[in-house]
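Working notes, beginning with the structure itself.
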Amino acid sequence: MQILLQRNRYLVFAIALALIALYFVPLWTIRLVAPQYPEGMGMYLWAGRITGHGLFDLQNINLLNHYVGMAPIIEESIPEFAYMPYVLGYMIAGALVTCVYPRKFMVYLGLLNLTAVGLAGFYDFWRWEYNYGHHLNPDAPISIPGMVYQPPLIGSKQLLNITASSWPHIGGIILFAVGILLVYVLVTEYVRKIA
Amino acid sequence: MKKKVLGSWFLVLGLAGGLSCGKGLSQGNVLDKEAAQKVYVAPGQKDAFYWFMSGGFSGQVAVYGIPSGRLLKEIPVFSQFPQNGYGYSDETKNMLMTSHGFIAWDDSHHPEVSLTKGVQDGRWLFINGNNTPRIARIDLSTFETVEIIETPNSAGNHASPAITENSEYLMAATRFSLPVPQRDIPVESAADGKFNGTISMVKVDPASGRMRVAVQVVVPGFNYDISHCGKGPSKDWCFFTMYNTEQSYQMGEIEASKNDKDYLLAFNWAKAEQCVNDGKTKVVSAIHYDNYLPESKPAVAEKRTEVKMMSPKDCAGMMYYLPTPKSPHGSDVDPSGEYIVGGGKLATVLPVHSFKKLAQAIQDKSNVLQEVGGIPVLKYESTLAGEVQKPCLGPLHTEFDGDGYAYTSCFISSEVIKWKLGEWEVVDRVPAYYSIGHLSIAGGDSAKPFKKYLIALNKITKDRYLPTGPEVSQSAQLYDISGSKMKLLLDFPTVGEPHYAQGVPASLLMEKSVKIYRLDKNEHPYVAKNESEARVVRDGNQVHVNMTAIRSHFKPDIVEAKVGDTVYFHVTNLEQDYDIDHGFAVEGMSMPNVLLMPGETKTVRYEARAAGVYPFYCTDFCSALHQEMQQYLRVTP
């Protein structure tokens with residue numbers, strides 16, 4: 001089995017460090033702007049939690065959401081946050097093992113894991129957004145027939161008076177970069193092999 | 001010759017209003033495109049300065065944005081304020097406690113921003129209550145009155161509050177002399193010198209801002225009018241003008257205007273502090289109140305029972321009288337601390353004293369003309385730096401631009417004059433509409449003025465705005481003073497009667513302005529921090545409702561009481577979002593509504609007089625379902 005170039009070994013180590021950083025930066029951000037919220041408000045999605053942009057943003061978003069009957073966004077109600085840190089830990093462990101056992105198939109495995117986690121994560125995120133946006137309290141004071149309040153997976157969308165924008169934050173960008181780095185490692189190893 | 005001058009003087013006094021009115025009609029339309037551009041603050045843009053104007057007989061402080069002249073806020077200080085319940089609610093009514101009992105009104109005159117090294121530091125705004133002598137402190141992060149202290153042995157707290165270079169002390173002096181201590185004696189005995197004045201030194205705690213009356217100096221019973229403290233070389237001194245050295249007690253307009261010169265009191269407060277520390281005071285019983293707002297709790301009224309007092313004789317070299325023509329008003333120290341301008345209200349010159357000369361003059365006993373009440377009176381010439389000859393009619397109050405020029409308001413000729421310090425020559429004059437009292441330059445009484453805008457605070461309005469019946473608002477004018485000539489930019493009505501003002505650069509305050517009160521820090525004894533804490537507790541015939549308010553309902557849903565109960569609605573606004581306020585009112589309640597800022601608890605008292613069902617509701621439009629924020633109180637027999 002092909003042993004990785006020393007340089008690629010360092011890159012895998014850098015990937016481990018980058019993944020560790022994901023405990024300390026948000027993955028994703030959703031920002032809401034409305035005529036009466038020119039300063040905007042929003043939330044950060046982290047590997048293991050959800051927080052407001054400002055100290056009280058989550059509370060204030062939930063207060064606004066209750067007018068259209070959306071369920072309150074409460075960290076405890078989202079079980080994914082409980083095991084996401086372990087999934088991340090598993091990937092970090094994989095990267096570190098690859099450093100001491102630098103085999104090409106380990107990089108394949110890493111890319112596979114990352115892709116699987118990424119796709120599952122996106123699906124899960126979309127599912128939560130769908131449920132928040134569609135499963136509305138029938139007693140809500142504001143009820144507009146046919147209207148759903150599903151925020152965009154990525155990009156901007158107008159929901160009544162609120163413009164909701166969903167974009168990767170530092171952690172999300174790191175994850176994309178990690179994926180690209182893994183592909184780069186595999187490509188350079190492939191080029192070396194055929195050379 | 002002198003008789004003739006006097007004759008025309010009274011003619012001018014008599015015709016002042018009419019003359020200036022005619023003048024305004026012919027010169028009023030000076031606005032041009034350039035001026036309009038200079039005061040235009042585009043929608044969404046912010047003003048460059050906060051301008052804090054006293055409310056005079058409103059007892060409050062109004063905050064304007066300058067240069068637009070837009071009213072930003074009225075801060076309730078000495079008067080009850082039905083608009084938000086200040087002075088009515090259990091949380092705020094203690095602020096208005098005095099030795100005379102609960103006092104719902106006062107006459108606020110002279111705002112002063114706290115200073116560090118003679119420069120505005122933007123922490124607090126102090127202002128006097130003239131009628132029931134008090135000083136208030138407003139926190140400039142919340143724009144709320146957080147303390148009001150009473151100065152005992154005082155009447156007419158007018159020469160107040162002058163602030164020292166590092167906000168060590170506030171000076172407060174009596175406008176009306178009175179028997180000290182207060183007692184029943186014939187008013188006529190004022191003429192025999194049986195009335196006194198007091199100069200109070202109010203210590204400001206440098207960390208908390210809390211005030212206390214450190215000492216009161218008993219001085220001759222003249223009418224102390226205005227004071228300002230020195231800076232730089234004169235930082236240990238404060239200067240007080242006075243009128244009525246004649247000590248008249250009736251028909252003051254004639255009897256108090258006889259002397260050719262009255263005095264300007266030079267007071268070495270650092271020396272006084274030394275004498276206090278050396279134990280030269282005596283403790284006198286004097287009931288006065290210190291009311292303050294602890295953070296996140298209801299206001300507390302603390303009764304104090306005594307003060308330290310001292311006489312000028314107890315502390316030689318502490319006070320000097322500088323003769324100053326005639327019934328002087330303004331007592332204004334230039335940014336360098338060298339010149340002290342006495343606004344000679346009835347004088348034909350504007351006298352300027354020199355601090356350097358004062359410091360020399362007090363070394364030489366031959367400069368002492370006489371002693372009055374233990375205070376040496378110095379020769380006029382020994383401290384005089386110069387006189388501005390024929391400045392205008394009725395020079396009142398002077399501020400400075402930090403660029404070598406002084407600006408004086410002239411009540412009778414209704415104008416602002418600009419003159420050069422050291423040369424004592426008037427270089428420019430512009431009309432004011434009408435009968436200007438004080439004027440105000442941002443930092444104009446500090447060591448660091450902003451040579452940008454000057455505001456005239458006028459006493460007569462007449463035809464300046466659309467007529468509104470006999471009672472019209474006061475008027476203010478904004479002038480551009482950045483160039484060599486003053487230029488009128490804007491004319492705007494004001495709230496109450498501003499006597500004086502403080503302009504503060506927006507950058508000093510806007511970033512630290514508080515947006516919400518933290519609910520988790522709320523220590524109100526009846527707070528309900530979430531809906532599960534909302535409850536009703538009966539205590540005899542008092543019913544306490546710990547109530548929550550959040551978009552768009554109150555908890556508990558229904559409140560029940562009996563006829564004869566007093567129901568206390570302690571309403572907590574659970575919101576933690578900027579500008580999401582709620583209000584609260586019950587049908588038939590005898591007090592006004594309360595406004596609740598996010599995180600705040602306020603109390604409404606309701607006397608249940610008759611059986612029935614009474615609605616209560618949110619009075620501050622809070623949300624799309626504000627109108628639905630309404631519930632019921634049931635009163636059973």
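In the structure tokens, chains take the letters A, B, ... in the order shown, each chain's residues start at 1, and ligands count up from 1 in the order shown.
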Open item on the list: Residues of chain A were defined as contacting chain B if any atom lay at most 12 Å from it, counting only C-alpha atoms; please report them as a list in words.
Closed with: Gln36, Tyr37, Pro38, Glu39, Gly40, Met41, Gly54, Leu55, Phe56, Asp57, Leu58, Gln59, Asn60, Ile61, Asn62, Leu63, Leu64, Asn65, His66, Tyr67, Val68, Ala140, Pro141 and Ile142 of chain A
- [ ] Tell me which protein, DNA and RNA residues are within 6 Å of Val349 (chain B), counting only C-alpha atoms, leaving out same-chain ones fewer than 3 positions away, and put them as a list in words.
- [x]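 The residues that qualify are Val388, Gln389 and Lys390 of chain B.
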TODO: Looking only at strand (DSSP E or B) from DSSP on the backbone, list the matching residues of region 260-407 of chain B as a count of residues only.
DONE: 74
TODO: Write out as a ChimeraX atom specification each polymer residue whose atoms come within 12 Å of region 516-527 of chain B, counting only C-alpha atoms; drop sequence neighbours fewer than 2 positions from it.
DONE: /A:55-56 /B:90-91,141-142,293-299,512-514,529-537,543-549,568-581,596-603
Would you please extract all alpha helix (DSSP H) residues from region 400-625 of chain B, as assigned by DSSP on the backbone, and give them as an mmCIF file with N, CA and C atoms, in the first residue's frame?
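Below you can see part-v9.cif, which holds the result:
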data_model
loop_
_atom_site.group_PDB
_atom_site.id
_atom_site.type_symbol
_atom_site.label_atom_id
_atom_site.label_comp_id
_atom_site.auth_asym_id
_atom_site.auth_seq_id
_atom_site.Cartn_x
_atom_site.Cartn_y
_atom_site.Cartn_z
ATOM 1 N N ALA B 506 -21.205 63.680 19.675
ATOM 2 C CA ALA B 506 -21.955 62.414 19.629
ATOM 3 C C ALA B 506 -21.039 61.232 19.896
ATOM 4 N N SER B 507 -19.804 61.310 19.398
ATOM 5 C CA SER B 507 -18.888 60.167 19.508
ATOM 6 C C SER B 507 -18.570 59.820 20.960
ATOM 7 N N LEU B 508 -18.739 60.798 21.855
ATOM 8 C CA LEU B 508 -18.422 60.546 23.267
ATOM 9 C C LEU B 508 -19.497 59.683 23.942
ATOM 10 N N LEU B 509 -20.719 59.705 23.403
ATOM 11 C CA LEU B 509 -21.829 59.042 24.093
ATOM 12 C C LEU B 509 -22.480 57.913 23.307
#
- [ ] Quick one: everything within 7 Å of region 364-381 of chain B, counting only C-alpha atoms, minus sequence neighbours fewer than 4 positions away in the same chain. Send it as a count of residues only.
- [x] 9
Open item on the list: Need the shell around region 94-102 of chain B: protein/DNA/RNA residues with any atom at most 6 Å away, counting only C-alpha atoms. Skip same-chain ones fewer than 3 positions apart. Format as a list in words?
Closed with: His288, Tyr289, Asn291, Ala299, Val300 and Ala301 of chain B
Open item on the list: Taking 6 positions as the minimum chain separation for residues in the same chain, which residues sit within 6 Å of region 426-429 of chain B when counting only C-alpha atoms? Answer as a ChimeraX atom specification.
Closed with: /B:416-419
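Here the question is which of B:Val61, B:Ala528, B:Ala561, B:Leu346 gets nearest to Leu633 (chain B) using only C-alpha atoms, and that residue is B:Ala561.
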Open item on the list: Ranking B:Gly469, B:Pro152, B:Pro325, B:Pro206 by minimum distance to Ser257 (chain B) and counting only C-alpha atoms, which one comes first?
Closed with: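 Closest to Ser257 (chain B) of all the choices is B:Pro325.
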Task: Nearby residues (only C-alpha atoms) at most 6 Å from region 21-35 of chain A, same-chain spacing under 4 positions excluded, as a list in words - done: Gly40, Met41, Gly42, Met43, Tyr44, Leu45, Trp46, Asn161, Ile162, Thr163, Ala164, Ser165, Ser166, Trp167, Pro168, His169, Gly171 and Gly172 of chain A
- [ ] Could you jot down the CA of Ile66 (chain B) to CA of Thr468 (chain B) separation for me, Å, one decimal place?
- [x]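 According to the coordinates, CA of Ile66 (chain B) and CA of Thr468 (chain B) are separated by 24.9 Å.
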- [ ] Using only C-alpha atoms, pick whichever of A:His53, A:Leu175, A:Val191, A:Cys99 has the shortest atom-to-atom distance to Leu119 (chain A).
- [x]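 Residue with the minimum atom-to-atom distance to Leu119 (chain A): A:Leu175.
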